Each structure stands twice: as structure tokens, then as C-alpha cells.
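The structure appears below as C-alpha cells.
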Amino acid sequence: MHERPIVYLDTAATSLTPRIVIESMQRYYETYHSNVHRAVYVTAAEATEAYEDARIAVGRFIGAPHPADELIFTHGTTESFNLLAKSWGRANLTASDAVVLTEMEHHANLVPWFQLRDEIGFEIRFIKVTDDFRLDLSNLEELLRGAKLLSVTGMSNVLGTINPIAALATAAHAAGALIAVDGAQSVAHGVTDVAGLDIDFLAFGAHKMLGPTGIGALWVRRSILDAMPPFLGGGGMIADVSLSGFSPAAGIAKYEAGTPPIAEAVGFHTAVHYLTSLGMEDIAAYEHQLTASLLGALATHFPERIRVIGPTTMEMRGSVVSFDVEGVHPHDVAQVLDQFGVCVRPGHHCAKPLMKRFSLAATARASFGPYSNEEDIETLVTALDEAVRLFG
Amino acid sequence: MSNLEDLYREIILDHYRNPRNRGELATPPAHKAEGFNPLCGDEITVYLHVEGDSLVDIKIAGHGCSISQSSASLMTAAVKGKPLEAVRGTIDTFKQLMTVHETSLDAEFDPEPVNLRALGELAALQGVVKFPVRIKCATLAWNTLTQGLNDLP
């Protein structure tokens, strides 16, 4: 289709996959592909070891104190939240309880709670978003009063806002609530330390952090995890099954029914290893610089025309930049950009309540990864010039 | 860049900037139908005022991209004041225009089966079929109109 090279600015949707990640999965399929936790032959043992090694590596990457016992592999962030709601939520929430969410959540951290609320009948409260795209924490204490859980994104997939997780964790715990964090965006773009942040749950997926699709994780603080009931039922999650019933396995296995995504776990392991070798602090600093550069370019080239939907200062701000081109619908912006090989995402970004908050139906969104560079920004600006010219 | 100009023809941009028959009609006597594109957030409301066998007035409200908005505007211009049978005929012809076989996507575009003359200005939207993702933008208003006609008492 395109004669021009691709300028990939949609890492917030899914990141590009380094060759070593693909090769590590290929090596699994070609040399030791077997099911895990079952047979005794050599490759089965190798596959099991690789799968469990991946758990430890991914757990260490987010600072888990006991990765082998705390990191549940899921099929992605969305499934992690469903597990959290349907396992922890169903066992711990009653009609008289409250769960606190925010107006900037992705649908993955909204819909599972609505589903459970419709079943059990608890209250859902929302932290509002201010006009300058930050969480409005002025009434936090009141919102948290009597709440059992605060579930909040680490970094907005629309605004780029980075939330003050450590402070929110302190406030939640002071109110007697637990805190869950949506790490889908934040984990890929900076250092994550679940112990340092003192959070209780972290949901994230591999494919936004250079890993493969089809695998993610829910990290759960060990003291909470043991009391959670199983999620999906099937092989692998049982201690015993008879014709009269079953007893669940102990520990992590209880949450991983069926054959897990083994090749993907191997790829996930390689991805976190690769990210670590690049250095998460260096990645954060590099993307910080690119984001500042893009915000500067938009302000310089299109001062009257383009409005950034998100913070325009770099404090507590990640590498996701949503914008609105006055008089040009985001779909049309993205269509013109596509002709320049520039890949951005138009739409509501699975955050419809947030779109409504700012009276928008959609935005165009550019987002960076470690492979992005200044030339990408130049091409984006050239393409935006054409969009503005075409639509007048 | 010829592809882009195929999509964003002058007529389309004109109808996007200056949409015809925009607004609302009192219900009743008019009827309304709502259409959504859940993937992109576009929303459209079509108001129909039918008297006897004739669509005497039509108005469009809502928001969307240039393709969905111009298609809606062109649609109102094509069907307003027409007998219902003619309206349905125009809908069928337009939907036929938007249905393209895979083979004609990369080869020379061959609009032969569609009576482009009957479509008038609507033929400007034929470039949309080269951008399959956008076909749903172009058909949103038409599907909503169809739904409105089917729901008439």
C-alpha cells in the first residue's frame, strides 16, 4: 500500500516487537515446545522451567518481593481486571461496600466493576478529572470513606497523565481500602516498583511493552492472594477432582486454568529482559524528551489550530499525546496521516466517560516507544500540515 | 497523494463544511432514528417527516467525520421531497456503490453495475470504497435512514 516507510506512533495501542522476542518464541516452538506442569520428559521440564522463569523475571521487573508466588499470568490487562473483580471482588464486596474508580479509566477498569456491581449491588464512586487533566484529589478522603478498593490507572492512555500512585496508596490504606493499579501504559514507560509504591494489585499486558499479544499479568500482594477464590475452572487449577466436586490447587496455580500461553510467556520474559538492558530510567528520560519535543512542535506549528487533550507541561506526564485539530475530525486526521505512513490512533481509546468529560467524541493520539525518534515527529508535523491544508 | 483526493473530493468537503438539512424536526409529526458507530464514537440522528407516500422533510443531527457527515448531507439532498419508493431505490443504489468486490479494489475501479447517473452528486462518494475502513462512515446515515423507514408506523 505505502511507498513511504512506516512512522509508528501507536505504541499506546500496541508496541513493536523486537526480533529477539520473536526469536525466543520461535526457539520455544522449534526446540522445546511442550505443555507445562504435566509430563516428565525433558522438553516438558524445559518448558515448565521457561514458563516459571518468565513469571519470576516479569515479577522482578515490577519489583514484586515474591514473584514466584504473586504473579498470575493472564491473557492481558483486561483479563487481569476481570480476574480481580470476579475473584477478589466477588469474595470481598457486598451491597453495602464501595469501590472508587476515576473518570480517566480505560473500559477494562470500568466494565468488570459495573458487571460485578450489577450482580452484587455495591456503590461505585469516581474521582473526577480537573480541567487541566489531573485527578481531582480535593475530596479524596470523602470518596475513600468506607471504600474497600481504589482502582486507578498509573498513566492515562488518552491524556498521558501520570497519577501519583504512592500518595493514592497511602490514602487508600489510611481509609482501610486496598489499591489496584492499571499498569497497561505505565509499566512500559518507566520504573515500576510495587513494593516501593505499596500497592496491592497491578494489572498489565505484554504487548504494550515490546512483548507478544495474548499474555499479561495480575500481580497480587501475597497476603491477599491466598484468600482469593479461583477464577476460571479447569485443568491446572485443581488439587483434586472427583465426580462429586473439586478442590482448588494452592497458590498461583489456582488462577491459571488450562494450558497457559507458554510461548508468549517466553516472549514476555525476553521483552522485560530487553527493556531492562535498555534501562527503564533511560527509556523514561528519552520518551520524556520526545514528548516535550512533540508538545513544543504542536504549539509552535499549530498554535491556534491544535489543542492537546492532556497536560502541556512535562511534570507527571507520559509519552501519550492526544490532540484535537479544530475543524478536522480525528478519523480524517488519521486518514491524511496514513498517506504519509504515519500511524496514529483516532477514536475514543476505550475511555468513553473521559471523552464525555471533555465533550469530545474522539481524539487523534500519538504515542512513543523506545524506538521512536525526532524524525517521526517531523514527519507527523508535515502530515498534520497537509491535513490542515486539505480541510482548510 | 491521488488516493486522498479520490476520497476527499471537493463536493465532499463542501458538504462537510456546509452540511445541508442539518437540525431537528418536531416529533411528532416527524419520526426519528438514531445510529451509532461504536468503534469511532460517531452518532447520528435522522428526522423523517413522511406524509402519505412522500418524504416531505428530513433533518440530520449528531457528529462524525467528514465522510459520515458529508454522506449524510448528500443523502438528505438526494431524498428530500421524494416518494418513499424512490427514496428506497436511492438507498439501494448507494449501498450497491459501497459494496465492492475485492478484485476491483486493486484493479481499475469499475463502477459499471451501479447507475452513477442516477446518483448525481452522491457518486462523489465512490472513492470511499478504496478505503474499506471508511465504508462504515459513509453508510452510517443511510443505515439509520433505512431503520427509520422500517420503523414507520
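Residue names in the C-alpha cells use chain letters A, B, ... in the order shown, residue numbers from 1 in each chain, and ligand numbers from 1 in the order shown.
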
Practice prompt. Any chance you could list, as number ranges by chain, the residues in chain B that come up helix (DSSP H, G or I) when DSSP is run on the backbone?
Written response: B: 2-7, 10-17, 66-79, 84-98, 102-106, 116-130, 132-150

Taking C-alpha atoms for each residue, export the selection above as a CSV table (one decimal), in the first residue's frame.
chain,number,residue,atom,x,y,z
B,2,SER,CA,-4.1,10.9,-5.7
B,3,ASN,CA,-5.8,8.4,-3.4
B,4,LEU,CA,-6.5,11.1,-0.8
B,5,GLU,CA,-8.0,13.4,-3.4
B,6,ASP,CA,-10.2,10.5,-4.5
B,7,LEU,CA,-11.6,10.3,-1.0
B,10,GLU,CA,-14.5,19.0,-3.4
B,11,ILE,CA,-18.2,18.1,-3.2
B,12,ILE,CA,-17.5,16.0,0.0
B,13,LEU,CA,-15.5,18.7,1.7
B,14,ASP,CA,-18.2,21.2,0.7
B,15,HIS,CA,-21.0,19.1,2.3
B,16,TYR,CA,-18.8,18.6,5.4
B,17,ARG,CA,-18.2,22.3,5.8
B,66,SER,CA,-16.1,14.3,7.1
B,67,ILE,CA,-17.2,11.1,5.3
B,68,SER,CA,-20.1,10.3,7.6
B,69,GLN,CA,-21.2,14.0,7.8
B,70,SER,CA,-20.9,14.7,4.0
B,71,SER,CA,-22.6,11.4,3.2
B,72,ALA,CA,-25.5,12.3,5.5
B,73,SER,CA,-25.8,15.7,3.9
B,74,LEU,CA,-25.6,14.4,0.4
B,75,MET,CA,-28.2,11.8,1.3
B,76,THR,CA,-30.7,14.4,2.6
B,77,ALA,CA,-30.3,16.4,-0.6
B,78,ALA,CA,-30.9,13.3,-2.7
B,79,VAL,CA,-34.0,12.0,-0.9
B,84,LEU,CA,-40.8,6.7,-0.5
B,85,GLU,CA,-40.3,4.2,-3.3
B,86,ALA,CA,-37.7,6.5,-4.9
B,87,VAL,CA,-36.0,7.0,-1.5
B,88,ARG,CA,-35.7,3.3,-1.1
B,89,GLY,CA,-34.4,3.0,-4.7
B,90,THR,CA,-31.7,5.6,-3.9
B,91,ILE,CA,-30.7,3.8,-0.8
B,92,ASP,CA,-30.3,0.5,-2.7
B,93,THR,CA,-28.2,2.2,-5.4
B,94,PHE,CA,-26.0,3.9,-2.8
B,95,LYS,CA,-25.4,0.7,-0.9
B,96,GLN,CA,-24.6,-1.1,-4.1
B,97,LEU,CA,-22.0,1.6,-4.8
B,98,MET,CA,-20.5,0.9,-1.3
B,102,GLU,CA,-12.2,-7.5,-3.6
B,103,THR,CA,-11.0,-7.8,-7.2
B,104,SER,CA,-12.0,-4.3,-8.1
B,105,LEU,CA,-10.0,-2.8,-5.2
B,106,ASP,CA,-6.6,-3.0,-6.7
B,116,LEU,CA,-23.9,6.6,-11.3
B,117,ARG,CA,-26.0,9.0,-13.3
B,118,ALA,CA,-28.9,8.1,-11.0
B,119,LEU,CA,-26.8,9.0,-8.0
B,120,GLY,CA,-25.9,12.5,-9.1
B,121,GLU,CA,-23.6,14.2,-6.6
B,122,LEU,CA,-23.7,11.0,-4.4
B,123,ALA,CA,-21.3,9.5,-7.0
B,124,ALA,CA,-18.6,11.7,-5.3
B,125,LEU,CA,-18.6,9.1,-2.5
B,126,GLN,CA,-17.4,6.3,-4.7
B,127,GLY,CA,-13.8,7.0,-3.8
B,128,VAL,CA,-14.6,5.7,-0.3
B,129,VAL,CA,-14.6,2.1,-1.4
B,130,LYS,CA,-10.9,2.3,-1.9
B,132,PRO,CA,-12.6,-0.1,3.2
B,133,VAL,CA,-12.3,1.1,6.9
B,134,ARG,CA,-14.2,4.2,5.9
B,135,ILE,CA,-17.2,2.5,4.2
B,136,LYS,CA,-19.0,2.2,7.6
B,137,CYS,CA,-18.6,6.0,8.0
B,138,ALA,CA,-20.3,6.6,4.6
B,139,THR,CA,-23.1,4.1,5.2
B,140,LEU,CA,-24.0,5.2,8.8
B,141,ALA,CA,-26.6,7.8,7.8
B,142,TRP,CA,-28.0,5.5,5.2
B,143,ASN,CA,-28.4,2.6,7.5
B,144,THR,CA,-30.1,4.9,10.0
B,145,LEU,CA,-32.5,6.2,7.4
B,146,THR,CA,-33.3,2.6,6.4
B,147,GLN,CA,-34.0,1.9,10.0
B,148,GLY,CA,-36.2,5.0,10.3
B,149,LEU,CA,-38.2,4.0,7.2
B,150,ASN,CA,-38.7,0.4,8.5

Proximity of chain B to chain A: per-residue shortest pair, 8 Å limit, only C-alpha atoms, as JSON lines:
{"residue": "B:Met1", "atom": "CA", "partner": "A:Gln339", "partner_atom": "CA", "distance": 7.1}
{"residue": "B:Leu4", "atom": "CA", "partner": "A:Val336", "partner_atom": "CA", "distance": 7.1}
{"residue": "B:Leu13", "atom": "CA", "partner": "A:Phe391", "partner_atom": "CA", "distance": 7.2}
{"residue": "B:Leu39", "atom": "CA", "partner": "A:Gly347", "partner_atom": "CA", "distance": 7.2}
{"residue": "B:Cys40", "atom": "CA", "partner": "A:Gly347", "partner_atom": "CA", "distance": 4.8}
{"residue": "B:Gly41", "atom": "CA", "partner": "A:Ala361", "partner_atom": "CA", "distance": 5.5}
{"residue": "B:Asp42", "atom": "CA", "partner": "A:Ala361", "partner_atom": "CA", "distance": 6.9}
{"residue": "B:Gly64", "atom": "CA", "partner": "A:His329", "partner_atom": "CA", "distance": 7.0}
{"residue": "B:Cys65", "atom": "CA", "partner": "A:His329", "partner_atom": "CA", "distance": 4.9}
{"residue": "B:Ser66", "atom": "CA", "partner": "A:Asp332", "partner_atom": "CA", "distance": 6.7}

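When DSSP is run on the backbone, the residues of chain B that fall into strand (DSSP E) are His31, Lys32, Ala33, Glu34, Gly35, Phe36, Asn37, Asp42, Glu43, Ile44, Thr45, Val46, Tyr47, Leu48, His49, Val50, Glu51, Ser54, Leu55, Val56, Asp57, Ile58, Lys59, Ile60, Ala61, Gly62 and His63 of chain B.
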
Grab the residues selected above and save them as a compact mmCIF listing (two decimals), in the first residue's frame with C-alpha atoms.
# COMPACT_ATOMS: atom_id res chain seq x y z
CA HIS B 31 -40.09 10.35 13.34
CA LYS B 32 -36.50 9.94 14.35
CA ALA B 33 -33.93 7.18 14.11
CA GLU B 34 -30.55 7.06 15.84
CA GLY B 35 -27.40 5.46 14.53
CA PHE B 36 -24.06 4.83 16.25
CA ASN B 37 -20.66 3.74 15.19
CA ASP B 42 -19.83 8.81 15.65
CA GLU B 43 -23.51 9.42 16.37
CA ILE B 44 -26.26 10.47 14.02
CA THR B 45 -29.96 11.20 14.36
CA VAL B 46 -32.15 11.22 11.24
CA TYR B 47 -35.50 13.04 11.48
CA LEU B 48 -38.07 11.98 8.89
CA HIS B 49 -41.31 13.69 8.12
CA VAL B 50 -43.46 11.43 5.96
CA GLU B 51 -46.83 12.46 4.57
CA SER B 54 -43.72 11.02 0.37
CA LEU B 55 -40.69 12.02 2.47
CA VAL B 56 -41.58 15.69 2.74
CA ASP B 57 -38.73 16.68 5.06
CA ILE B 58 -35.55 15.24 6.53
CA LYS B 59 -33.01 16.66 9.01
CA ILE B 60 -29.76 15.35 10.43
CA ALA B 61 -28.26 15.87 13.88
CA GLY B 62 -25.19 14.38 15.51
CA HIS B 63 -21.46 14.41 14.85

Worksheet entry | Spatial neighbours of Gly146 in chain A, max dist 10 Å, only C-alpha atoms, sep filter under 4 positions, as a PyMOL selection string | chain A and resi 96-99+141-142+175-177

Worksheet item: What does the distance from CA of Ala68 in chain A to CA of Arg55 in chain A come to in Å, to one decimal?
Response: 6.3 Å

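Nearest to Ile224 in chain A of all the residues A:Asn82, A:Gln26, A:Ser87, A:Thr48 is A:Ser87, based on only C-alpha atoms.
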
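Our summary of the geometry notes that CA of Ala85 in chain A is positioned 26.6 Å from CA of Val272 in chain A.
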
Worksheet item: Residues at most 12 Å from Ala203 in chain A, counting only C-alpha atoms, excluding those fewer than 3 positions away in the same chain, as a ChimeraX atom specification?
Response: /A:59,62,71-85,108-109,151-154,179-187,192,194,199-200,206,215-220
